[in-house]
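To be precise, the following lines are target31.csv, and they hold CSV, C-alpha atoms.
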```csv
chain,number,residue,atom,x,y,z
A,23,MET,CA,123.2,157.6,17.8
A,24,GLN,CA,123.4,160.3,20.5
A,25,GLN,CA,124.7,157.7,22.9
A,26,LEU,CA,127.7,157.0,20.6
A,27,GLU,CA,128.8,160.6,20.9
A,28,ARG,CA,128.8,160.8,24.6
A,29,ILE,CA,131.9,159.4,26.2
A,30,PHE,CA,131.2,157.7,29.6
A,31,GLU,CA,133.7,157.6,32.4
A,32,GLY,CA,133.4,155.1,35.1
A,33,ILE,CA,134.9,154.6,38.5
A,34,VAL,CA,137.8,152.1,38.7
A,35,LEU,CA,137.2,149.7,41.6
A,36,ASP,CA,140.7,149.7,43.0
A,37,GLU,CA,142.7,150.2,46.2
A,38,GLY,CA,142.2,154.0,46.0
A,39,LEU,CA,138.4,153.8,46.5
A,40,SER,CA,137.0,154.2,50.0
A,41,LEU,CA,133.4,153.3,50.7
A,42,SER,CA,131.2,153.2,53.8
A,43,LEU,CA,129.1,150.2,54.8
A,44,VAL,CA,126.0,152.0,53.5
A,45,GLU,CA,127.6,152.7,50.1
A,46,LEU,CA,128.9,149.1,49.8
A,47,CYS,CA,125.3,147.8,50.6
A,48,VAL,CA,123.9,149.9,47.7
A,49,LEU,CA,126.6,148.7,45.2
A,50,CYS,CA,126.0,145.0,46.2
A,51,ASP,CA,122.2,145.3,46.6
A,52,ALA,CA,122.7,143.7,50.0
A,53,GLU,CA,121.4,144.2,53.5
A,54,HIS,CA,123.7,145.7,56.2
A,55,HIS,CA,123.3,142.4,58.2
A,56,LEU,CA,124.7,140.3,55.3
A,57,ILE,CA,127.8,142.5,54.9
A,58,GLU,CA,128.3,142.4,58.7
A,59,CYS,CA,128.1,138.6,58.6
A,60,MET,CA,130.7,138.7,55.7
A,61,VAL,CA,133.0,140.7,57.9
A,62,ALA,CA,132.5,138.4,60.8
A,63,GLU,CA,133.2,135.4,58.5
A,64,GLY,CA,136.5,137.1,57.4
A,65,LEU,CA,135.2,137.4,53.9
A,66,LEU,CA,135.7,141.2,54.0
A,67,ASN,CA,138.3,143.0,56.0
A,68,PRO,CA,137.4,146.7,56.2
A,69,CYS,CA,139.5,149.4,57.9
A,70,GLY,CA,137.9,150.6,61.2
A,71,SER,CA,136.6,148.7,64.1
A,72,LEU,CA,132.9,149.6,64.3
A,73,PRO,CA,130.4,149.2,61.4
A,74,ALA,CA,129.9,153.0,61.3
A,75,GLU,CA,133.6,153.4,60.9
A,76,TRP,CA,134.2,150.7,58.3
A,77,ARG,CA,135.8,151.7,55.0
A,78,PHE,CA,135.9,149.3,52.1
A,79,ASP,CA,138.2,149.6,49.1
A,80,GLY,CA,137.3,148.8,45.4
A,81,ILE,CA,138.7,145.3,45.7
A,82,ALA,CA,136.2,144.6,48.6
A,83,VAL,CA,133.4,145.8,46.3
A,84,ARG,CA,134.2,143.2,43.7
A,85,ARG,CA,134.6,140.5,46.4
A,86,ALA,CA,131.3,141.4,48.1
A,87,ARG,CA,129.4,141.5,44.8
A,88,ARG,CA,130.8,138.1,43.8
A,89,ALA,CA,129.9,136.7,47.3
A,90,VAL,CA,126.3,138.0,47.1
A,91,ARG,CA,125.8,136.5,43.6
A,92,LEU,CA,127.5,133.1,44.4
A,93,ARG,CA,125.6,132.8,47.6
A,94,HIS,CA,122.3,133.5,45.9
A,95,ASP,CA,122.8,131.6,42.6
A,96,LEU,CA,124.5,128.5,43.9
A,97,ASP,CA,122.6,128.4,47.2
A,98,LEU,CA,125.8,128.5,49.3
A,99,ASN,CA,126.1,129.4,53.0
A,100,LEU,CA,128.5,132.1,54.0
A,101,ALA,CA,131.3,129.7,55.0
A,102,GLY,CA,131.0,127.9,51.6
A,103,THR,CA,130.9,131.3,49.8
A,104,ALA,CA,134.1,132.4,51.6
A,105,LEU,CA,135.8,129.1,50.7
A,106,ALA,CA,134.7,129.4,47.0
A,107,LEU,CA,135.9,133.0,46.8
A,108,ASP,CA,139.3,132.2,48.4
A,109,LEU,CA,139.8,129.3,45.9
A,110,LEU,CA,138.6,131.4,42.9
A,111,GLU,CA,141.0,134.2,43.8
A,112,GLU,CA,143.9,131.8,44.5
A,113,ASN,CA,143.2,130.3,41.1
A,114,GLU,CA,143.3,133.7,39.5
A,115,ARG,CA,146.6,134.5,41.2
A,116,LEU,CA,148.1,131.2,40.1
A,117,ARG,CA,147.1,131.8,36.5
A,118,GLU,CA,148.8,135.2,36.6
A,119,ARG,CA,152.0,133.6,38.1
A,120,LEU,CA,151.8,130.8,35.5
A,121,GLN,CA,151.8,133.4,32.8
A,122,VAL,CA,154.9,135.1,34.2
A,123,LEU,CA,156.7,131.8,34.6
A,124,GLU,CA,155.7,130.6,31.1
A,125,GLN,CA,157.3,133.8,29.8
A,126,HIS,CA,160.5,133.1,31.7
A,127,LEU,CA,160.7,129.5,30.9
A,128,GLY,CA,159.0,129.5,27.6
A,129,ALA,CA,155.5,128.1,27.2
A,130,PRO,CA,155.2,124.3,26.9
A,131,GLY,CA,155.8,123.3,23.3
A,132,THR,CA,157.2,126.6,22.2
A,133,PRO,CA,160.9,127.2,21.5
A,134,ARG,CA,162.6,129.7,23.8
B,18,MET,CA,111.2,133.9,17.3
B,19,GLN,CA,113.2,130.7,17.8
B,20,TYR,CA,112.1,127.6,19.7
B,21,LYS,CA,114.2,126.9,22.8
B,22,ASP,CA,114.9,123.3,23.8
B,23,TYR,CA,115.2,123.7,27.6
B,24,TYR,CA,115.9,120.0,28.0
B,25,LYS,CA,118.9,120.3,25.7
B,26,THR,CA,120.1,123.4,27.5
B,27,LEU,CA,120.2,121.5,30.8
B,28,GLY,CA,121.4,118.3,29.0
B,29,VAL,CA,118.6,116.1,30.3
B,30,ALA,CA,116.1,113.7,28.7
B,31,ARG,CA,112.5,114.9,28.2
B,32,ASP,CA,111.4,112.3,30.8
B,33,ALA,CA,114.1,113.4,33.4
B,34,SER,CA,112.9,113.4,37.0
B,35,GLN,CA,112.8,116.6,39.0
B,36,ASP,CA,115.9,115.4,40.9
B,37,GLU,CA,117.8,114.9,37.7
B,38,ILE,CA,116.8,118.4,36.5
B,39,LYS,CA,117.9,119.9,39.8
B,40,ARG,CA,121.3,118.1,39.6
B,41,ALA,CA,121.9,119.1,36.0
B,42,TYR,CA,121.0,122.7,36.8
B,43,ARG,CA,123.3,122.9,39.8
B,44,LYS,CA,126.2,121.4,37.9
B,45,LEU,CA,125.8,123.8,34.9
B,46,ALA,CA,125.2,126.8,37.2
B,47,ARG,CA,128.6,126.0,38.9
B,48,LYS,CA,130.3,125.6,35.6
B,49,TYR,CA,128.9,128.7,33.8
B,50,HIS,CA,128.4,131.1,36.7
B,51,PRO,CA,129.8,134.4,35.5
B,52,ASP,CA,131.9,134.7,38.6
B,53,VAL,CA,133.4,131.3,38.1
B,54,SER,CA,133.7,130.7,34.4
B,55,LYS,CA,136.4,132.2,32.2
B,56,GLU,CA,134.2,131.7,29.0
B,57,SER,CA,133.5,135.0,27.3
B,58,ASP,CA,129.8,134.1,26.9
B,59,ALA,CA,129.3,132.8,30.4
B,60,GLU,CA,126.8,135.5,31.3
B,61,ALA,CA,124.6,134.6,28.4
B,62,ARG,CA,124.9,130.9,29.0
B,63,PHE,CA,124.1,131.3,32.7
B,64,LYS,CA,121.0,133.2,31.7
B,65,GLU,CA,119.9,130.4,29.3
B,66,ILE,CA,120.5,127.8,32.0
B,67,ASN,CA,118.4,129.9,34.5
B,68,GLU,CA,115.6,130.3,32.0
B,69,ALA,CA,115.5,126.5,31.3
B,70,ASN,CA,115.5,125.8,35.0
B,71,GLU,CA,112.8,128.3,35.7
B,72,VAL,CA,110.6,126.3,33.3
B,73,LEU,CA,111.6,122.7,34.0
B,74,HIS,CA,111.9,122.8,37.8
B,75,ASP,CA,108.2,124.0,38.1
B,76,PRO,CA,105.8,121.1,37.2
B,77,GLU,CA,103.1,123.5,36.0
B,78,LYS,CA,105.4,125.4,33.7
B,79,ARG,CA,107.1,122.2,32.5
B,80,ALA,CA,103.7,120.8,31.6
B,81,ALA,CA,102.8,123.9,29.6
B,82,TYR,CA,106.1,123.7,27.8
B,83,ASP,CA,105.8,119.9,27.1
B,84,ALA,CA,102.3,120.6,25.7
B,85,LEU,CA,104.0,122.4,22.8
B,86,GLY,CA,105.0,118.9,21.6
B,87,SER,CA,108.3,117.1,21.2
B,88,GLY,CA,108.8,117.6,17.5
B,89,TRP,CA,110.6,121.0,17.8
B,90,ARG,CA,114.3,121.5,17.3
B,91,ALA,CA,116.3,124.2,19.1
B,92,GLY,CA,116.5,127.3,17.0
B,93,GLN,CA,113.5,126.3,14.8
B,94,ASP,CA,111.2,129.2,13.8
B,95,PHE,CA,108.5,129.2,16.5
B,96,ARG,CA,105.1,130.9,16.6
B,97,PRO,CA,103.0,130.4,19.7
B,98,PRO,CA,99.7,128.6,19.1
B,99,PRO,CA,96.7,130.9,19.2
B,100,GLY,CA,95.3,131.0,22.7
B,101,GLY,CA,98.0,128.6,23.8
B,102,GLY,CA,99.7,128.9,27.1
B,103,ARG,CA,98.1,130.0,30.3
B,104,ARG,CA,99.5,133.5,30.5
B,105,GLY,CA,99.9,135.5,33.6
B,106,ASN,CA,99.1,132.9,36.2
B,107,TYR,CA,102.5,131.5,36.8
B,108,ARG,CA,104.7,132.2,39.8
B,109,PHE,CA,108.2,133.4,38.8
B,110,ASP,CA,111.1,132.5,41.0
B,111,ALA,CA,114.1,133.9,39.2
B,112,ASP,CA,115.2,137.5,39.8
B,113,ASP,CA,116.1,138.1,36.2
B,114,VAL,CA,112.8,136.9,34.7
B,115,GLY,CA,112.5,140.3,33.1
B,116,ASP,CA,115.6,139.4,31.0
B,117,PHE,CA,114.2,136.0,29.8
B,118,SER,CA,113.7,135.4,26.1
B,119,ASP,CA,110.7,136.3,23.9
B,120,PHE,CA,110.1,132.6,23.6
B,121,PHE,CA,109.6,132.3,27.4
B,122,SER,CA,107.3,135.3,27.5
B,123,SER,CA,105.2,133.9,24.5
B,124,ILE,CA,104.4,130.8,26.6
B,125,PHE,CA,104.2,132.1,30.1
B,126,GLY,CA,103.4,135.8,29.6
B,127,ARG,CA,105.4,138.6,31.1
B,128,ALA,CA,106.0,138.4,34.8
B,129,PHE,CA,103.3,140.1,36.8
B,130,GLY,CA,100.7,139.2,34.1
B,131,GLY,CA,100.7,142.5,32.3
B,132,ALA,CA,99.9,144.4,35.5
B,133,GLU,CA,102.2,147.3,36.6
B,134,PRO,CA,105.2,145.5,38.2
B,135,PRO,CA,106.5,146.7,41.6
B,136,ARG,CA,109.2,149.3,41.4
B,137,ARG,CA,112.5,147.5,41.2
B,138,ARG,CA,116.1,148.5,40.4
B,139,GLY,CA,117.4,147.0,37.1
B,140,GLN,CA,119.9,144.2,37.0
B,141,ASP,CA,123.6,145.0,37.2
B,142,GLN,CA,125.5,143.8,34.1
B,143,THR,CA,129.1,142.8,33.7
B,144,VAL,CA,130.9,143.0,30.3
B,145,ARG,CA,134.4,141.8,29.8
B,146,ILE,CA,136.7,144.0,27.7
B,147,ALA,CA,140.0,142.8,26.3
B,148,LEU,CA,142.7,145.4,26.2
B,149,ASP,CA,146.2,145.4,24.7
B,150,LEU,CA,148.8,146.2,27.4
B,151,ASP,CA,149.6,149.4,25.5
B,152,GLU,CA,146.0,150.5,25.8
B,153,ALA,CA,146.0,149.7,29.5
B,154,TYR,CA,149.2,151.8,29.9
B,155,ARG,CA,148.0,154.9,28.0
B,156,GLY,CA,144.2,154.6,28.5
B,157,VAL,CA,141.8,154.2,25.6
B,158,THR,CA,138.3,155.0,24.5
B,159,ARG,CA,136.3,151.9,23.7
B,160,GLN,CA,132.9,151.1,22.2
B,161,VAL,CA,131.1,148.7,24.5
B,162,ARG,CA,128.0,146.7,23.3
B,163,VAL,CA,125.5,146.1,26.1
B,164,GLU,CA,122.4,143.9,25.8
B,165,SER,CA,119.5,144.0,28.1
B,166,SER,CA,116.0,142.5,27.7
B,167,GLY,CA,116.7,141.9,24.0
B,168,ASN,CA,117.8,145.5,23.3
B,169,ALA,CA,121.4,146.2,22.3
B,170,ARG,CA,123.1,149.5,22.6
B,171,THR,CA,126.6,150.8,22.2
B,172,LEU,CA,128.4,153.0,24.7
B,173,LYS,CA,131.6,154.9,24.2
B,174,VAL,CA,133.6,154.5,27.4
B,175,ARG,CA,136.9,156.1,28.4
B,176,ILE,CA,139.1,153.5,30.0
B,177,PRO,CA,141.7,155.3,32.3
B,178,ALA,CA,145.4,154.6,32.1
B,179,GLY,CA,146.8,152.0,34.5
B,180,VAL,CA,143.9,149.5,34.7
B,181,THR,CA,145.2,146.0,35.6
B,182,GLN,CA,144.0,142.4,34.9
B,183,GLY,CA,140.6,141.7,36.4
B,184,ARG,CA,140.0,145.3,37.5
B,185,GLN,CA,136.4,146.5,37.3
B,186,ILE,CA,135.1,149.8,36.1
B,187,ARG,CA,131.6,150.8,37.3
B,188,LEU,CA,129.3,152.9,35.1
B,189,ALA,CA,126.4,153.9,37.3
B,190,GLY,CA,122.9,153.5,35.8
B,191,GLN,CA,124.1,151.9,32.5
B,192,GLY,CA,123.0,148.4,33.3
B,193,GLY,CA,119.6,146.7,32.9
B,194,ALA,CA,116.5,148.9,32.8
B,195,GLY,CA,114.5,149.2,36.1
B,196,LEU,CA,111.0,147.7,36.5
B,197,GLY,CA,108.0,149.8,37.4
B,198,GLY,CA,109.9,153.1,37.1
B,199,GLY,CA,112.8,151.8,39.2
B,200,PRO,CA,116.3,153.0,38.5
B,201,ALA,CA,118.6,151.2,36.0
B,202,GLY,CA,121.2,148.9,37.3
B,203,ASP,CA,124.9,149.5,36.9
B,204,LEU,CA,127.3,148.4,34.2
B,205,TYR,CA,130.6,146.8,35.3
B,206,LEU,CA,133.4,146.5,32.8
B,207,GLU,CA,135.9,143.8,33.7
B,208,VAL,CA,139.3,144.3,32.2
B,209,GLU,CA,141.1,141.3,30.6
B,210,LEU,CA,144.7,142.1,29.4
B,211,LYS,CA,145.6,140.4,26.1
B,212,PRO,CA,148.9,138.5,26.0
B,213,HIS,CA,151.9,140.6,24.8
B,214,PRO,CA,154.8,139.1,23.0
B,215,HIS,CA,157.4,140.6,25.4
B,216,PHE,CA,155.7,141.9,28.5
B,217,THR,CA,153.8,140.0,31.2
B,218,PRO,CA,151.8,142.0,33.7
B,219,ASP,CA,151.7,141.1,37.4
B,220,GLY,CA,149.4,143.7,38.9
B,221,ARG,CA,151.0,147.0,38.0
B,222,ASP,CA,154.4,145.4,37.6
B,223,ILE,CA,155.6,144.3,34.1
B,224,HIS,CA,158.0,141.4,33.6
B,225,LEU,CA,160.4,141.3,30.7
B,226,ARG,CA,163.0,138.7,29.7
B,227,LEU,CA,166.1,140.5,28.4
B,228,PRO,CA,168.6,138.6,26.2
B,229,LEU,CA,172.2,139.5,26.7
B,230,ALA,CA,175.4,138.6,24.9
B,231,PRO,CA,177.9,136.8,27.2
B,232,TRP,CA,180.4,139.6,27.1
B,233,GLU,CA,177.7,142.2,28.0
B,234,ALA,CA,176.9,140.1,31.1
B,235,ALA,CA,180.6,139.4,32.0
B,236,LEU,CA,182.0,142.9,31.4
B,237,GLY,CA,178.9,145.0,32.1
B,238,ALA,CA,177.2,147.3,29.5
B,239,ALA,CA,174.6,149.9,29.0
B,240,VAL,CA,171.8,148.2,26.8
B,241,SER,CA,168.6,149.5,25.4
B,242,VAL,CA,165.4,148.0,27.0
B,243,PRO,CA,161.9,148.4,25.7
B,244,THR,CA,159.3,149.4,28.3
B,245,LEU,CA,155.6,150.3,27.8
B,246,GLY,CA,156.6,154.0,28.0
B,247,GLY,CA,159.4,153.7,25.4
B,248,THR,CA,163.0,152.5,25.2
B,249,VAL,CA,165.3,153.3,28.2
B,250,SER,CA,169.0,152.6,28.8
B,251,LEU,CA,169.7,150.0,31.5
B,252,LYS,CA,173.2,149.5,33.1
B,253,ILE,CA,174.1,145.9,33.3
B,254,PRO,CA,176.6,145.3,36.2
B,255,PRO,CA,179.7,143.3,35.4
B,256,GLY,CA,179.5,139.6,36.3
B,257,SER,CA,175.7,139.4,35.7
B,258,GLN,CA,174.2,136.0,35.4
B,259,SER,CA,171.1,134.5,33.7
B,260,GLY,CA,168.1,134.7,36.0
B,261,GLN,CA,169.3,137.8,37.8
B,262,ARG,CA,166.6,140.5,38.1
B,263,LEU,CA,166.9,144.2,37.7
B,264,ARG,CA,164.2,146.7,38.5
B,265,LEU,CA,163.2,149.7,36.5
B,266,LYS,CA,161.4,151.7,39.1
B,267,GLY,CA,158.1,153.4,38.0
B,268,ARG,CA,158.3,151.9,34.5
B,269,GLY,CA,155.3,149.6,34.9
B,270,LEU,CA,151.6,150.4,34.6
B,271,PRO,CA,150.8,153.9,35.9
B,272,GLY,CA,149.0,154.3,39.3
B,273,ASP,CA,149.6,155.5,42.8
B,274,PRO,CA,152.2,154.1,43.2
B,275,PRO,CA,153.1,153.2,39.6
B,276,GLY,CA,154.4,149.6,38.9
B,277,ASP,CA,157.9,148.7,38.0
B,278,THR,CA,159.4,146.9,35.0
B,279,LEU,CA,161.2,143.8,36.3
B,280,VAL,CA,163.9,142.7,33.9
B,281,THR,CA,165.1,139.2,34.1
B,282,LEU,CA,168.5,138.7,32.4
B,283,GLU,CA,169.0,135.8,30.0
B,284,ILE,CA,172.5,135.2,28.6
B,285,GLN,CA,172.4,133.8,25.1
B,286,ALA,CA,175.3,132.0,23.5
B,287,PRO,CA,176.1,133.3,19.9
B,288,PRO,CA,175.8,130.4,17.4
B,289,ALA,CA,179.1,128.8,16.3
B,290,THR,CA,178.2,128.6,12.7
B,291,THR,CA,181.4,130.1,11.2
B,292,GLU,CA,185.0,129.0,11.5
B,293,ALA,CA,185.9,132.3,13.1
B,294,ALA,CA,183.2,131.8,15.8
B,295,ARG,CA,184.4,128.3,16.5
B,296,ARG,CA,187.9,129.5,16.8
B,297,ALA,CA,186.8,132.2,19.3
B,298,TYR,CA,185.0,129.6,21.4
B,299,ARG,CA,188.0,127.3,21.4
B,300,LYS,CA,190.2,130.1,22.5
B,301,LEU,CA,187.7,131.0,25.3
B,302,ALA,CA,187.7,127.3,26.4
B,303,GLU,CA,191.5,127.3,26.6
B,304,GLN,CA,191.9,130.5,28.5
B,305,LEU,CA,189.1,130.1,31.0
B,306,ASP,CA,189.1,127.5,33.7
B,307,PHE,CA,185.3,127.2,33.8
B,308,ASN,CA,183.0,124.3,34.7
B,309,PRO,CA,179.3,125.3,34.7
B,310,ARG,CA,178.4,121.9,36.3
B,311,ALA,CA,180.7,122.3,39.3
B,312,ASP,CA,177.7,122.6,41.7
B,313,LEU,CA,176.4,119.3,40.4
B,314,GLY,CA,179.7,117.6,41.5
B,315,VAL,CA,180.6,116.5,38.0
```
The structure given in the file should be rewritten as structure tokens.
Amino acid sequence: MQQLERIFEGIVLDEGLSLSLVELCVLCDAEHHLIECMVAEGLLNPCGSLPAEWRFDGIAVRRARRAVRLRHDLDLNLAGTALALDLLEENERLRERLQVLEQHLGAPGTPR
Amino acid sequence: MQYKDYYKTLGVARDASQDEIKRAYRKLARKYHPDVSKESDAEARFKEINEANEVLHDPEKRAAYDALGSGWRAGQDFRPPPGGGRRGNYRFDADDVGDFSDFFSSIFGRAFGGAEPPRRRGQDQTVRIALDLDEAYRGVTRQVRVESSGNARTLKVRIPAGVTQGRQIRLAGQGGAGLGGGPAGDLYLEVELKPHPHFTPDGRDIHLRLPLAPWEAALGAAVSVPTLGGTVSLKIPPGSQSGQRLRLKGRGLPGDPPGDTLVTLEIQAPPATTEAARRAYRKLAEQLDFNPRADLGV
């Protein structure tokens, strides 16, 4: 009952967020080495050139967490994980574009 | 407690080979993985699939499960046989074994055989929340139901204004309980925007199809346009055409920078259902030298 009365406020994982490598590792429950491999694979693109200088935004947090889970649960290697993530994100972008186009053209089977 | 038919969960026969079980598990894991599936119950389905695999891929656990007999139906009321099941001596491979069902624990015991488990952080949890576009625009307080290890609780969460499709909100320490005194995991809320009859979001931008009368498009006009923040007046330039796009800067979802509302013009012909309307169309046809198919060469 007490929990109902407290209003929780979270952190939105968006472009405005800026995290270090250490902070990203904590959020993803991942080793530094794995995140460094993800950067080398092009799966993550932080700002800054050296690992100590890297800054990741909120979009990278979601991507890294998805990568860690997909890799673990589906037994993928990093190249396979990167490919799966690229395809999933492309699929999401296309779904959003399809929604916009359906609104402009009228969804199939519905009168405009 | 309910009996769980692990063979049915993986969609394999009771005499399936280990290879068949592995193939079925891999296929279902790809289909229902919460990061892949769009189903609202993907997380729960994935957990069930993992639990079934944890039992069936291990010959020792599978034998113990099979020893319960084949006469059970999924969902049937189940009471573990007295002294049945070799508790506490099994090896547990899955990370989320702490979240497995009571049925699982009744046969195989809790992980770590009742001994104090090593200190481990709780599982992160992801819950999808469906928001109206108006709620995303203004922000909203939502009750969110979270289930962990069979316990359900409800949290009141403030969703800030300006969240977009697929965006995640992290609530530190509100996920699954930790093991052995370890900290709780985090709760991630994933935003899903419900379809709106007029507005379509694209990131922070909002698309709107705006119907215009032919004379408004031809002569120009100031027309009222609905936006998420309220109605605004939009100046339509003379000679506008269908498909032309006008931008209402900063009238999309709030943020830094805020999105825009992108208005696509759509000229609609008035119906010629009265004699007066037909006369007006005939007069227009006489006075304008207009062939809309000129570009097609006909």
* Asked: Just how far from atom CA of Glu111 of chain A is atom CA of Gly70 of chain A, in Å to one decimal?
  ->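 That distance, rounded to one decimal, is 24.1 Å.
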* **Nearest to Leu148 of chain B, chosen from B:Lys211, B:Arg170, B:Arg187, B:His224, with all atoms listed in the file counted in the distances** => B:Lys211
* Select, from A:Cys59, A:Ala74, A:Leu66, A:Leu109, the residue with the minimum atom-to-atom distance to Ser42 of chain A, counting only C-alpha atoms. =>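 Smallest separation from Ser42 of chain A among the options: A:Ala74.
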* For Leu92 of chain A: contacts at 10 Å, all atoms listed in the file, fewer than 3 positions along chain excluded, given as a VMD selection string -> (chain A and resid 86 to 89 95 to 100 102 to 104 106 to 107) or (chain B and resid 46 to 47 50 to 53)
Output as a Markdown table one row per residue of chain B within 7 Å of chain A: the closest atom pair and its distance in Å to one decimal place, counting only C-alpha atoms, sorted by chain and residue number ascending.
```
| residue | atom | partner | partner_atom | distance |
| --- | --- | --- | --- | --- |
| B:Ala46 | CA | A:Leu96 | CA | 6.9 |
| B:Arg47 | CA | A:Leu96 | CA | 6.9 |
| B:Asp52 | CA | A:Arg88 | CA | 6.3 |
| B:Thr171 | CA | A:Leu26 | CA | 6.5 |
| B:Leu172 | CA | A:Leu26 | CA | 5.8 |
| B:Lys173 | CA | A:Ile29 | CA | 4.9 |
| B:Val174 | CA | A:Phe30 | CA | 4.6 |
| B:Arg175 | CA | A:Glu31 | CA | 5.3 |
| B:Arg184 | CA | A:Leu35 | CA | 6.6 |
| B:Gln185 | CA | A:Leu35 | CA | 5.4 |
| B:Ile186 | CA | A:Val34 | CA | 4.4 |
| B:Arg187 | CA | A:Gly32 | CA | 5.2 |
| B:Leu188 | CA | A:Gly32 | CA | 4.7 |
| B:Thr217 | CA | A:Val122 | CA | 5.8 |
| B:Asp219 | CA | A:Glu118 | CA | 6.6 |
| B:Arg226 | CA | A:His126 | CA | 6.5 |
```
* To do: Extract, using all atoms listed in the file, all DNA, RNA and protein residues at most 7 Å from segment 69-79 of chain B, discarding same-chain residues fewer than 4 positions from it, and format them as a VMD selection string.
  => chain B and resid 23 26 to 27 35 38 to 39 42 65 83 110 to 111
* To do: Have a look at atom CA of Glu68 of chain B and atom CA of Leu85 of chain B and let me know their distance in Å, one decimal.
  =>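 Here the two named atoms are 16.8 Å from each other.
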* **Nearest to Leu65 of chain A by atom-to-atom distance, counting all atoms listed in the file, from A:Arg93, A:Arg85, A:Arg117, A:Arg77** => A:Arg85
* Asked: Near Leu245 of chain B, within 10 Å and counting only C-alpha atoms, which residues show up once chain neighbours fewer than 5 positions away are dropped, as a VMD selection string?
  -> chain B and resid 150 to 155 216 223 268 to 270 278
* Could you work out how far atom CA of Ala230 of chain B lies from atom CA of Pro287 of chain B, giving the answer in Å with one decimal? -> 7.3 Å
* Asked: Hey, which of B:Phe63, B:Asp32, B:Asp203, B:Gln19 ends up closest to Lys44 of chain B? Count all atoms listed in the file.
  -> B:Phe63
* Would you mind telling me which residue in A:Leu39, A:Leu116, A:Val90, A:Leu105 lies nearest to Ile57 of chain A when using only C-alpha atoms? => A:Val90
* Contacts of Gln285 of chain B within 7 Å, only C-alpha atoms, excl. fewer than 4 positions in-chain, as a PyMOL selection string -> chain B and resi 228-231
Write segment 47-57 of chain A as a PDB file, in the coordinates of the input, completed to N, CA, C and O atoms.
```
ATOM      1  N   CYS A  47     126.641 148.500  50.619  1.00  0.00           N
ATOM      2  CA  CYS A  47     125.300 147.800  50.600  1.00  0.00           C
ATOM      3  C   CYS A  47     124.589 148.186  49.291  1.00  0.00           C
ATOM      4  O   CYS A  47     123.983 147.329  48.643  1.00  0.00           O
ATOM      5  N   VAL A  48     124.638 149.460  48.922  1.00  0.00           N
ATOM      6  CA  VAL A  48     123.900 149.900  47.700  1.00  0.00           C
ATOM      7  C   VAL A  48     124.552 149.243  46.480  1.00  0.00           C
ATOM      8  O   VAL A  48     123.846 148.709  45.626  1.00  0.00           O
ATOM      9  N   LEU A  49     125.899 149.237  46.404  1.00  0.00           N
ATOM     10  CA  LEU A  49     126.600 148.700  45.200  1.00  0.00           C
ATOM     11  C   LEU A  49     126.321 147.154  45.108  1.00  0.00           C
ATOM     12  O   LEU A  49     126.301 146.613  44.020  1.00  0.00           O
ATOM     13  N   CYS A  50     126.178 146.489  46.239  1.00  0.00           N
ATOM     14  CA  CYS A  50     126.000 145.000  46.200  1.00  0.00           C
ATOM     15  C   CYS A  50     124.535 144.628  46.277  1.00  0.00           C
ATOM     16  O   CYS A  50     124.231 143.441  46.194  1.00  0.00           O
ATOM     17  N   ASP A  51     123.644 145.594  46.441  1.00  0.00           N
ATOM     18  CA  ASP A  51     122.200 145.300  46.600  1.00  0.00           C
ATOM     19  C   ASP A  51     122.044 144.289  47.756  1.00  0.00           C
ATOM     20  O   ASP A  51     121.399 143.252  47.607  1.00  0.00           O
ATOM     21  N   ALA A  52     122.710 144.605  48.871  1.00  0.00           N
ATOM     22  CA  ALA A  52     122.700 143.700  50.000  1.00  0.00           C
ATOM     23  C   ALA A  52     122.286 144.428  51.287  1.00  0.00           C
ATOM     24  O   ALA A  52     122.462 145.640  51.404  1.00  0.00           O
ATOM     25  N   GLU A  53     121.735 143.664  52.237  1.00  0.00           N
ATOM     26  CA  GLU A  53     121.400 144.200  53.500  1.00  0.00           C
ATOM     27  C   GLU A  53     122.627 144.433  54.391  1.00  0.00           C
ATOM     28  O   GLU A  53     123.606 143.700  54.226  1.00  0.00           O
ATOM     29  N   HIS A  54     122.557 145.412  55.315  1.00  0.00           N
ATOM     30  CA  HIS A  54     123.700 145.700  56.200  1.00  0.00           C
ATOM     31  C   HIS A  54     124.085 144.368  56.941  1.00  0.00           C
ATOM     32  O   HIS A  54     125.251 144.074  57.095  1.00  0.00           O
ATOM     33  N   HIS A  55     123.063 143.631  57.384  1.00  0.00           N
ATOM     34  CA  HIS A  55     123.300 142.400  58.200  1.00  0.00           C
ATOM     35  C   HIS A  55     124.184 141.432  57.429  1.00  0.00           C
ATOM     36  O   HIS A  55     125.093 140.820  58.001  1.00  0.00           O
ATOM     37  N   LEU A  56     123.902 141.287  56.122  1.00  0.00           N
ATOM     38  CA  LEU A  56     124.700 140.300  55.300  1.00  0.00           C
ATOM     39  C   LEU A  56     126.136 140.750  55.235  1.00  0.00           C
ATOM     40  O   LEU A  56     127.045 139.930  55.397  1.00  0.00           O
ATOM     41  N   ILE A  57     126.360 142.061  55.028  1.00  0.00           N
ATOM     42  CA  ILE A  57     127.800 142.500  54.900  1.00  0.00           C
ATOM     43  C   ILE A  57     128.447 142.359  56.298  1.00  0.00           C
ATOM     44  O   ILE A  57     129.612 141.970  56.376  1.00  0.00           O
TER      45      ILE A  57
END
```
